[in-house]
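Trainee: Right, I'll just put the structure down here and ask away after.
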There are 2 protein chains.
Amino acid sequence: MTYAAALQALADPTRRAIVEKLRHGPRSVGQLAQGFRISRPAVSQHLRVLSCAGLLDVVPVGARRVYRLRPEGFAQLRVYLEDLWRDALRTFDTPVLPAPSGED
Amino acid sequence: MTYAAALQALADPTRRAIVEKLRHGPRSVGQLAQGFRISRPAVSQHLRVLSCAGLLDVVPVGARRVYRLRPEGFAQLRVYLEDLWRDALRTFDTPVLPAPSGED
DNA sequence: CGGCTGCGTAAGTCATAGCTTACGGTAAGT
DNA sequence: ACTTACCGTAAGCTATGACTTACGCAGCCG
């Protein structure tokens with residue numbers, strides 16, 4: 001059920017942009033905030049959401065905090081969508097008018 | 001870029017519940033609305049969002065409209081997450097302190 | 001020990017998303 | 001043709017979420 005938070009986290013465009021930056025490797029908050037029009041605290045809040053969703057990891061390095069993608073979080077989401085996609089394929093073959101009387 | 005709308009659509013719990021119902025096969029709006037506390041128009045609005053995101057198909061059958069999962073929509077999301085997960089695995093191996101001077 | 005950098009948190013504002021009721025339009029039944 | 005079932009849309013309300021500024025706290029350096 002943890003994919004729920006992950007989906008909600010990835011629904012926001014800014015958070016997806018943050019994830020895109022992290023695809024290239026670990027980044028500190030300052031590095032991530034750079035290039036965004038929004039304030040740094042706003043970025044912090046987004047990082048919090050992504051972390052709570054299990055999509056990010058934090059490593060304190062001196063005074064700064066380095067974030068990176070957390071494979072396990074994305075793995076769970078991946079599995080969920082994999083199953084969903086499979087069922088979508090399966091139900092796509094079933095006729096649209098199977099049982100107006102007999103409930104499926 | 002179509003995965004953006006799909007992610008935003010799947011972020012809502014009610015819409016995920018609708019998708020869960022559709023995993024078992026095509027359903028009419030009335031059938032989908034049954035079992036939800038929210039009103040039928042609310043369900044219609046959710047169906048609209050899911051359809052616009054490319055996750056659902058509609059087939060008019062007489063006076064009713066039968067919805068079903070659209071495999072292609074989920075396929076695109078699947079691919080997006082697949083790549084993301086791969087990058088997450090890759091960047092997870094890179095050291096956290098690679099280049100304080102030389103930008104990655 | 002100050003001062004500075006880097007970051008998270010709190011409080012408040014504002015836009016958006018989800019819900020409701022009311023309505024209109026099409027298909028089927030009598 | 002009238003009624004009923006089924007469904008989408010419009011308008012309005014409200015709660016949630018994203019953003020801002022202000023603040024506080026830990027690490028580094030003189």
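Chain identifiers are assigned as A, B, and so on, following the order in which chains appear in the structure tokens; residues are numbered from 1 within each chain, and ligands are numbered from 1 in order of appearance.
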Which residues of chain A have any atom within 9 Å of an atom in chain B when counting only C-alpha atoms, and what is the closest pair of atoms for each, with the distance in Å to one decimal? Order the rows by chain and rising number and write it as CSV.
Mentor:
```
residue,atom,partner,partner_atom,distance
A:Ala4,CA,B:Ala11,CA,7.1
A:Ala5,CA,B:Ala11,CA,8.1
A:Ala6,CA,B:Ala11,CA,8.5
A:Leu7,CA,B:Ala11,CA,5.1
A:Gln8,CA,B:Ala11,CA,4.4
A:Ala9,CA,B:Ala11,CA,7.9
A:Leu10,CA,B:Leu7,CA,6.7
A:Ala11,CA,B:Gln8,CA,4.4
A:Asp12,CA,B:Gln8,CA,7.3
A:Pro13,CA,B:Ala4,CA,7.7
A:Arg16,CA,B:Ala4,CA,8.9
A:Val19,CA,B:Leu84,CA,8.8
A:Glu20,CA,B:Leu84,CA,8.6
A:Leu22,CA,B:Thr91,CA,8.2
A:Arg23,CA,B:Asp87,CA,5.7
A:His24,CA,B:Thr91,CA,6.9
A:Gly25,CA,B:Thr91,CA,5.1
A:Pro26,CA,B:Val96,CA,6.2
A:Arg27,CA,B:Val96,CA,8.3
A:Val59,CA,B:Val96,CA,7.8
A:Val61,CA,B:Leu97,CA,8.3
A:Val66,CA,B:Val96,CA,7.2
A:Tyr67,CA,B:Val96,CA,8.7
A:Arg68,CA,B:Phe92,CA,7.1
A:Leu69,CA,B:Ala88,CA,5.2
A:Arg70,CA,B:Ala88,CA,6.2
A:Pro71,CA,B:Ala88,CA,5.0
A:Glu72,CA,B:Trp85,CA,8.4
A:Gly73,CA,B:Trp85,CA,8.6
A:Phe74,CA,B:Trp85,CA,5.4
A:Ala75,CA,B:Trp85,CA,6.3
A:Leu77,CA,B:Leu81,CA,7.7
A:Arg78,CA,B:Leu81,CA,6.0
A:Leu81,CA,B:Arg78,CA,6.0
A:Glu82,CA,B:Arg78,CA,6.5
A:Leu84,CA,B:Arg23,CA,7.4
A:Trp85,CA,B:Phe74,CA,5.4
A:Arg86,CA,B:Pro71,CA,7.9
A:Asp87,CA,B:Arg23,CA,5.7
A:Ala88,CA,B:Pro71,CA,5.0
A:Leu89,CA,B:Pro71,CA,5.4
A:Arg90,CA,B:Gly25,CA,8.5
A:Thr91,CA,B:Gly25,CA,5.1
A:Phe92,CA,B:Leu69,CA,6.9
A:Thr94,CA,B:Gly25,CA,7.1
A:Pro95,CA,B:Pro26,CA,8.2
A:Val96,CA,B:Pro26,CA,6.2
A:Leu97,CA,B:Val61,CA,8.2
A:Pro98,CA,B:Pro26,CA,8.9
A:Asp104,CA,B:Gly25,CA,8.1
```
Trainee: Please build the interface table for chain A against chain C with a cut-off of 8 Å, listing for each qualifying residue the nearest atom pair and the distance in Å to one decimal; count only C-alpha atoms (C1' of nucleotides), order rows by chain and increasing number, and write it as a Markdown table.
Mentor:
```
| residue | atom | partner | partner_atom | distance |
| --- | --- | --- | --- | --- |
| A:Val29 | CA | C:DC7 | C1' | 7.7 |
| A:Gly30 | CA | C:DG6 | C1' | 7.6 |
| A:Pro41 | CA | C:DG8 | C1' | 7.9 |
| A:Ser44 | CA | C:DG8 | C1' | 7.3 |
| A:Ala63 | CA | C:DG6 | C1' | 5.8 |
| A:Arg64 | CA | C:DG6 | C1' | 5.5 |
| A:Arg65 | CA | C:DC7 | C1' | 7.6 |
```
Trainee: Given the selection you just returned, output its residues as a file containing N, CA and C atoms, formatted as an mmCIF file, in the first residue's frame.
Mentor:
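Everything below was put into result-v9.cif:
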```cif
data_model
loop_
_atom_site.group_PDB
_atom_site.id
_atom_site.type_symbol
_atom_site.label_atom_id
_atom_site.label_comp_id
_atom_site.auth_asym_id
_atom_site.auth_seq_id
_atom_site.Cartn_x
_atom_site.Cartn_y
_atom_site.Cartn_z
ATOM 1 N N VAL A 29 20.683 20.059 -1.041
ATOM 2 C CA VAL A 29 19.480 20.873 -1.136
ATOM 3 C C VAL A 29 19.748 22.148 -1.926
ATOM 4 N N GLY A 30 20.879 22.768 -1.652
ATOM 5 C CA GLY A 30 21.236 23.987 -2.354
ATOM 6 C C GLY A 30 21.366 23.756 -3.852
ATOM 7 N N PRO A 41 13.120 26.919 0.956
ATOM 8 C CA PRO A 41 12.239 26.192 1.876
ATOM 9 C C PRO A 41 11.175 25.372 1.142
ATOM 10 N N SER A 44 12.679 22.264 0.169
ATOM 11 C CA SER A 44 12.809 21.421 1.357
ATOM 12 C C SER A 44 11.517 20.669 1.641
ATOM 13 N N ALA A 63 27.566 20.245 7.115
ATOM 14 C CA ALA A 63 26.381 21.060 7.352
ATOM 15 C C ALA A 63 25.300 20.800 6.320
ATOM 16 N N ARG A 64 25.652 20.128 5.244
ATOM 17 C CA ARG A 64 24.609 19.958 4.219
ATOM 18 C C ARG A 64 24.029 18.553 4.189
ATOM 19 N N ARG A 65 22.916 18.451 3.500
ATOM 20 C CA ARG A 65 22.207 17.178 3.425
ATOM 21 C C ARG A 65 22.077 16.772 1.971
#
```
Trainee: When the cut-off is 12 Å and we count only C-alpha atoms (C1' of nucleotides), which residues of chain D are near chain B, given as an MDAnalysis selection string?
Mentor: chainID D and resid 4:10
Trainee: Could you save those same residues with N, CA and C atoms (P, O5', C5', C4', C3', O3' and C1' of nucleotides) as a tab-separated table (two decimals), in the first residue's frame?
Mentor:
```tsv
chain	number	residue	atom	x	y	z
D	4	DT	P	-42.45	8.13	-14.41
D	4	DT	O5'	-41.14	7.26	-14.60
D	4	DT	C5'	-41.23	5.93	-15.14
D	4	DT	C4'	-39.85	5.47	-15.58
D	4	DT	C3'	-38.72	5.79	-14.60
D	4	DT	O3'	-38.05	4.60	-14.23
D	4	DT	C1'	-38.12	6.38	-16.80
D	5	DA	P	-36.87	4.60	-13.16
D	5	DA	O5'	-35.57	4.31	-14.06
D	5	DA	C5'	-35.58	3.17	-14.90
D	5	DA	C4'	-34.34	3.18	-15.79
D	5	DA	C3'	-33.02	3.37	-15.02
D	5	DA	O3'	-32.04	2.52	-15.58
D	5	DA	C1'	-33.23	5.06	-16.66
D	6	DC	P	-30.61	2.29	-14.85
D	6	DC	O5'	-29.66	3.29	-15.63
D	6	DC	C5'	-29.44	3.12	-17.02
D	6	DC	C4'	-28.57	4.24	-17.54
D	6	DC	C3'	-27.41	4.62	-16.60
D	6	DC	O3'	-26.19	4.40	-17.26
D	6	DC	C1'	-28.55	6.54	-17.43
D	7	DC	P	-24.81	4.59	-16.51
D	7	DC	O5'	-24.44	6.09	-16.91
D	7	DC	C5'	-24.32	6.41	-18.28
D	7	DC	C4'	-24.26	7.92	-18.47
D	7	DC	C3'	-23.15	8.62	-17.69
D	7	DC	O3'	-22.11	8.96	-18.61
D	7	DC	C1'	-25.21	9.86	-17.72
D	8	DG	P	-20.75	9.62	-18.11
D	8	DG	O5'	-20.87	11.15	-18.55
D	8	DG	C5'	-21.09	11.46	-19.91
D	8	DG	C4'	-21.39	12.95	-20.07
D	8	DG	C3'	-20.33	13.87	-19.48
D	8	DG	O3'	-20.00	14.89	-20.43
D	8	DG	C1'	-22.47	14.37	-18.55
D	9	DT	P	-18.92	16.02	-20.09
D	9	DT	O5'	-19.80	17.23	-19.56
D	9	DT	C5'	-20.94	17.64	-20.30
D	9	DT	C4'	-21.54	18.91	-19.69
D	9	DT	C3'	-20.52	19.90	-19.13
D	9	DT	O3'	-20.89	21.21	-19.53
D	9	DT	C1'	-22.10	19.33	-17.46
D	10	DA	P	-19.97	22.45	-19.10
D	10	DA	O5'	-20.85	23.18	-18.00
D	10	DA	C5'	-22.27	23.31	-18.18
D	10	DA	C4'	-22.86	24.23	-17.13
D	10	DA	C3'	-21.90	25.27	-16.57
D	10	DA	O3'	-22.62	26.47	-16.27
D	10	DA	C1'	-22.52	23.78	-14.83
```
Trainee: Determine which residues of chain A receive a DSSP assignment of strand (DSSP E or B), computed from the backbone, and state them as a count of residues only.
Mentor: 14
Trainee: Mind the document's chain letters and residue numbers, and return as an MDAnalysis selection string the residues of chain B that DSSP labels alpha helix (DSSP H).
Mentor: chainID B and resid 3:10 13:22 29:33 40:52 71:93
Trainee: So how far away is CA of Thr2 (chain A) from CA of Arg15 (chain B), in Å?
Mentor: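 Interatomic distance, CA of Arg15 (chain B) to CA of Thr2 (chain A): 16.3 Å.
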Trainee: Between C1' of DC28 (chain D) and CA of Gly35 (chain A), what is the distance, to one decimal in Å?
Mentor: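 For C1' of DC28 (chain D) relative to CA of Gly35 (chain A), the distance reads 25.8 Å.
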Trainee: Would you work out the distance separating CA of Arg37 (chain B) from C1' of DA15 (chain D), expressed in Å to one decimal?
Mentor: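 A separation of 17.4 Å between them.
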